[in-house]
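As structure tokens, the structure follows; a few thoughts come after it.
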Amino acid sequence: MLKRLLFFILLMNWTAPIQGQIAVQDQLTFDERGGTYDLNRRLWFFEDAGRSFSDSDLGSPEFHARFAPLTKKTPNFGFSESDWWARIPLRNLNEQPRAFHMTEGYALVDQIDVWLLDSSGRILQHEVAGDKIEAEHQEVSYRLPTFKLTVPSGDSTLMIRIKSQGSVIFDIDLHSEVNFHEQKTTEYSFLYTMFGILGVMALYNFFMWIHLRRITFLLYIGFILTVIGQFMIVTGLVTHHLKATAWLMNDGYLLIANSTTLMALLFPIFFLSLPKRHPWLMRFSMLGLILILATTVASFFSYNTGAKLSVFGGLLASVFALSCGIVCSLKRFRPAYFFTLAWSVIIVANLLRMAMLTGSMPATFVVEWGVLMGSVVEVVLLSLAIADKMRVTERVAFERIEHLNEDLQREHDKVLGLKNNLERLVDEQTREIRSILKHIQIGIVAVRKPGLLITETHSDCVKNIFDTDEVAQRSIVELLFHGAAATREMKSQVQNALESCLDEEGIAFDMNSHLLPSELVYHREEFERILQLDWNPVLDHQGRTEKILVIMKDVTALKKLERETAEKSKELELIGEILDVPPRQFSIFMSTSHSLLAECTRLLKVNPAWDREVLKILFINMHTIKGSARALQLKNLTPKIHELEQTLAAMMKKDSPWNRDVLLAATDHIQGLVDHYQELNQGKLGRDSADAVQLPLRFIGRLHQTLQRVEQEVPAGLKVQVKPFRETLEDLTFVRAETVFREVLSHAEMLARDLRKECPDIIIQDHSIRLSTEGQDFVRKAFLHIIRNSMDHGIETPAERVKMGKAEKGRIEVSVSMEEDRLSIRYRDDGRGLNVRAIRRLAQERGLIQKSSAMTLEDIAYCIFEPGFSTSAELSDISGRGVGMNAVKEYVEKGKGTVALRLLSKDVIDPEFVSFELILTLNEQFCAGQAA
């Protein structure tokens, strides 16, 4: 299993660049002595990424100038899409040509071409081999791609090209004819011996399976056979014995490799009994099985992808098998000792193989063939593990039989004792049952046909529950439904269901049990009682429902406790939401919400008929409260306001009839929730100061204006006395504009998280201007809508911004200044801007503009302030109703201000979108000028 794993891990190292300057390559010189020559260290290489060179370029000096020595330890280029060329100069010192056999040590190469050139560059010999070249075209019958070369006297050049869909590795050797045949005989003897041992182990376990019929042997046989198949392909013996091997050496190899991985995953499950011993390891095996399935499917579409996934699957299977063995060994499961040793051997063998391929160890016989020998040792050790498990299982079985015999003897003695004392035990148990029925605080009755009557055996608690002494021989339906809050249909349904179950097969009860009530409520003058019911069939020896056992429990106190617990839990949840909000922000939210809700209630009471303007104001107010509640994470308040928004929207569109009572009830309900929040804040948390006198902020504002006029009109002596009072009031009521904007724009972080965007950078320039209570209230209401529109419609996602050449994080700029005794607020972001095309199309559909009319971009842009105007494609709790910008306009006009849009055509990125700046101009009553 692991033999292909570490081997492929090595092959997956991607091509390292060939560095260095062109130098003169050393020649490989032959004398009269024979032997084997290793060409790998002598070869110079060239990567043909475009596969554009052919044998017609072999004589070109420019082509030869491309070759350079390899900087890697081994000529291994992984899964490469390129053609790889290699070159080595040869010099034959003999006067006669020399015959050699050249072999490529990697049997899975798709195609290898070899050219022998004379000193003038003329092609003397061209040979082709590979796993996609039929074996009948090869001159030499051998397990590896082999070429019979005749090297002329003097200088010549050997050119090699490898094309492969899979991995590219050069393992080139030159053998004299004598050495080649000696090595071939030795290798084949060794390989057949190893395969013979594997075959014998497979045959032995096959006979064991015939004898014992256990799936462990079948899985182990499958593992051995797939290991044999892999080595037959990797060593090239398939090519030697079969003719058509192209599919088997490529896609077929992946199929066999995946089968080996599958067997390596399944074998530990059954051999180590993982479902019983370690169920958590089973979950890892399921992941491996899914990966093998994906690998098998992927191999039909891409050989490279399938091979890479096969390597990962092999790694997972090896780690899984070894981990299972270690875990079971630590738990002192003796058969796991051989199992762990087997996998340790094959891992060590593969590590030695990897060290050889990377050049860290010499290519000795043990290292080169260690993986195959390790696999043989692994199979033998696993066979010993199976045999040891059989011995352990047999010993455990004998021990269990002895214990069972002892238990059987004890049970026999017990039965004899029960037989001798049966009457005494029956009498004891009867008295115990009667005592239980007398004292148990649960009602228990048995019902049978005819008449659905209660039997004589019942608990005394039934009499207490129903306050009667007449229980036996009374109809269960009459007893249960006397005084119960249930309909006549329910009573008839229960009676029919019980009659359909009794004296019938047990399945009849299963089919009708859903018709039997699990709870009944009894309303008495002095109290309410809740009875919990449990219905259970009593079957006879033929499987028929002989009786129905009814268990009744008074859960009145428990239900009351559950309700109280739910109320306390809800209260704690609300307190948790309040604690997450700073006291000052919570107080501002309460004040604003009370004000807006009072306005809504007043408008509903003075307008009994449908009025679109009234509905629009109600909608804006509720949308503002919902936005603030959502920003403060008041989760129990937001859904109720959203439901009222849905009702208002339907009434505005006349999809539902006008109903003032419904709106008043919903508004009162929201007012109650807001009051509940405030009561918890004051009563439970005590966050209102008790030693301070509360004055309305508007009163303090008027007082400040009065002191300003007094300070301007009184003599200089009195100004000194008035000024400290005026400054104190300013400190209480006026706040730096930057502070207020930071507070409101902090909601951008939460919105960015909900919309999966980066939180934008916020730049605020307030020129030391401070805002009055009216200004603070305006900013909190209006900019709550503005920032929501920027985050939802304007600023793009990080991926979109990077694609447009912008920074991942957006940018929001706010500038506050005084212009001719009026407060000017300029707001802009670096998002996509206004979708002018969508605005024009939607405005034409709604009849706001005519298709034939010639309008400027500014005229089209101003349509966003129309009620219900939104270009959002879908409705969400963030945007989509067209309330935001219309609400901003309403707030500005209510404060006798103006709102304007300035289009920034020079910032246009996409002709469909235009950047803009929002300019809000307000009266001086909203600010106090520049701060000291």
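Identifiers for the structure tokens are assigned positionally: chains receive A, B, ... in sequence, residues are indexed from 1 per chain, and ligands are indexed from 1 in the order shown.
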Legend entry - All alpha helix (DSSP H) positions in range 460-627 of chain A, as a PyMOL selection string: chain A and resi 461-466+476-481+488-501+506-512+556-579+583-606+612-627
Legend entry - Exercise: range 41-54 of chain A partners within 6 Å, only C-alpha atoms, chain neighbours under 5 positions left out, as an MDAnalysis selection string: chainID A and resid 67:69 82:88
Inset, instruction - Pick out each residue of range 740-864 of chain A that DSSP on the backbone tags as strand (DSSP E); I need them as a PyMOL selection string. - result: chain A and resi 761-765+769-771+811-818+823-829+834-835
Legend entry - Nearest candidate to Asp766 in chain A (options A:Tyr192, A:Phe741, A:Phe619, A:Phe339; using only C-alpha atoms):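 Comparing A:Tyr192, A:Phe741, A:Phe619, A:Phe339 against Asp766 in chain A, the winner is A:Phe741.
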Legend entry - Atomic separation - CA of Ile762 in chain A relative to CA of Val779 in chain A, Å: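 Between CA of Val779 in chain A and CA of Ile762 in chain A the gap works out to 15.6 Å.
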Inset, instruction - Skip Val735 in chain A itself and residues of its chain fewer than 4 positions away, then list as a list in words all residues within 7 Å of it, counting only C-alpha atoms. - result: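 In the requested format, the answer is Thr739, Arg770, Leu771 and Ser772 of chain A.
Between CA of Ser656 in chain A and CA of Asn789 in chain A the interatomic distance comes to 28.4 Å.
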Inset, instruction - Using only C-alpha atoms, pick whichever of A:Leu479, A:Pro657, A:Gln765, A:Asn621 has the shortest atom-to-atom distance to Leu452 in chain A. - result: A:Leu479
Legend entry - Neighbour list for Ala385 in chain A as number ranges by chain, cut-off 8 Å, only C-alpha atoms, skip fewer than 5 positions in-chain: A: 335-339
Inset, instruction - May I have the residues within 12 Å of Lys331 in chain A as a list of chain:residue names, using only C-alpha atoms and disregarding those fewer than 5 positions away in the same chain? - result: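 Counting only the stated atoms, we get A:Leu272, A:Arg277, A:His278, A:Cys324, A:Gly325, A:Ile326, A:Ala336, A:Tyr337.
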Keeping only N, CA, C and O atoms, write the selected residues to a file as a PDB file, in the first residue's frame.
ATOM      1  N   LEU A 272      -9.354  -5.551  13.441  1.00  0.00           N
ATOM      2  CA  LEU A 272      -9.191  -5.001  14.792  1.00  0.00           C
ATOM      3  C   LEU A 272     -10.525  -4.740  15.482  1.00  0.00           C
ATOM      4  O   LEU A 272     -10.548  -4.171  16.573  1.00  0.00           O
ATOM      5  N   ARG A 277     -14.503  -1.760  19.386  1.00  0.00           N
ATOM      6  CA  ARG A 277     -13.409  -1.327  20.245  1.00  0.00           C
ATOM      7  C   ARG A 277     -13.199   0.187  20.206  1.00  0.00           C
ATOM      8  O   ARG A 277     -13.042   0.824  21.256  1.00  0.00           O
ATOM      9  N   HIS A 278     -13.178   0.756  19.023  1.00  0.00           N
ATOM     10  CA  HIS A 278     -12.883   2.186  18.881  1.00  0.00           C
ATOM     11  C   HIS A 278     -13.788   2.803  17.809  1.00  0.00           C
ATOM     12  O   HIS A 278     -13.365   3.003  16.664  1.00  0.00           O
ATOM     13  N   CYS A 324      -4.413   2.765  13.813  1.00  0.00           N
ATOM     14  CA  CYS A 324      -5.275   1.733  14.403  1.00  0.00           C
ATOM     15  C   CYS A 324      -4.444   0.689  15.127  1.00  0.00           C
ATOM     16  O   CYS A 324      -4.780   0.253  16.246  1.00  0.00           O
ATOM     17  N   GLY A 325      -3.335   0.272  14.494  1.00  0.00           N
ATOM     18  CA  GLY A 325      -2.491  -0.722  15.133  1.00  0.00           C
ATOM     19  C   GLY A 325      -1.878  -0.223  16.430  1.00  0.00           C
ATOM     20  O   GLY A 325      -1.834  -0.937  17.436  1.00  0.00           O
ATOM     21  N   ILE A 326      -1.408   1.039  16.426  1.00  0.00           N
ATOM     22  CA  ILE A 326      -0.793   1.602  17.635  1.00  0.00           C
ATOM     23  C   ILE A 326      -1.823   1.727  18.750  1.00  0.00           C
ATOM     24  O   ILE A 326      -1.562   1.374  19.907  1.00  0.00           O
ATOM     25  N   ALA A 336      -2.859  -6.997  17.510  1.00  0.00           N
ATOM     26  CA  ALA A 336      -2.423  -5.724  16.930  1.00  0.00           C
ATOM     27  C   ALA A 336      -0.912  -5.577  16.931  1.00  0.00           C
ATOM     28  O   ALA A 336      -0.378  -4.721  16.223  1.00  0.00           O
ATOM     29  N   TYR A 337      -0.177  -6.405  17.728  1.00  0.00           N
ATOM     30  CA  TYR A 337       1.276  -6.285  17.766  1.00  0.00           C
ATOM     31  C   TYR A 337       1.877  -6.621  16.404  1.00  0.00           C
ATOM     32  O   TYR A 337       2.686  -5.868  15.855  1.00  0.00           O
TER      33      TYR A 337
END
Legend entry - Spatial neighbours of Gln633 in chain A, max dist 10 Å, only C-alpha atoms, sep filter under 5 positions, as a PyMOL selection string: chain A and resi 577-578+580-581+627-628+638+750
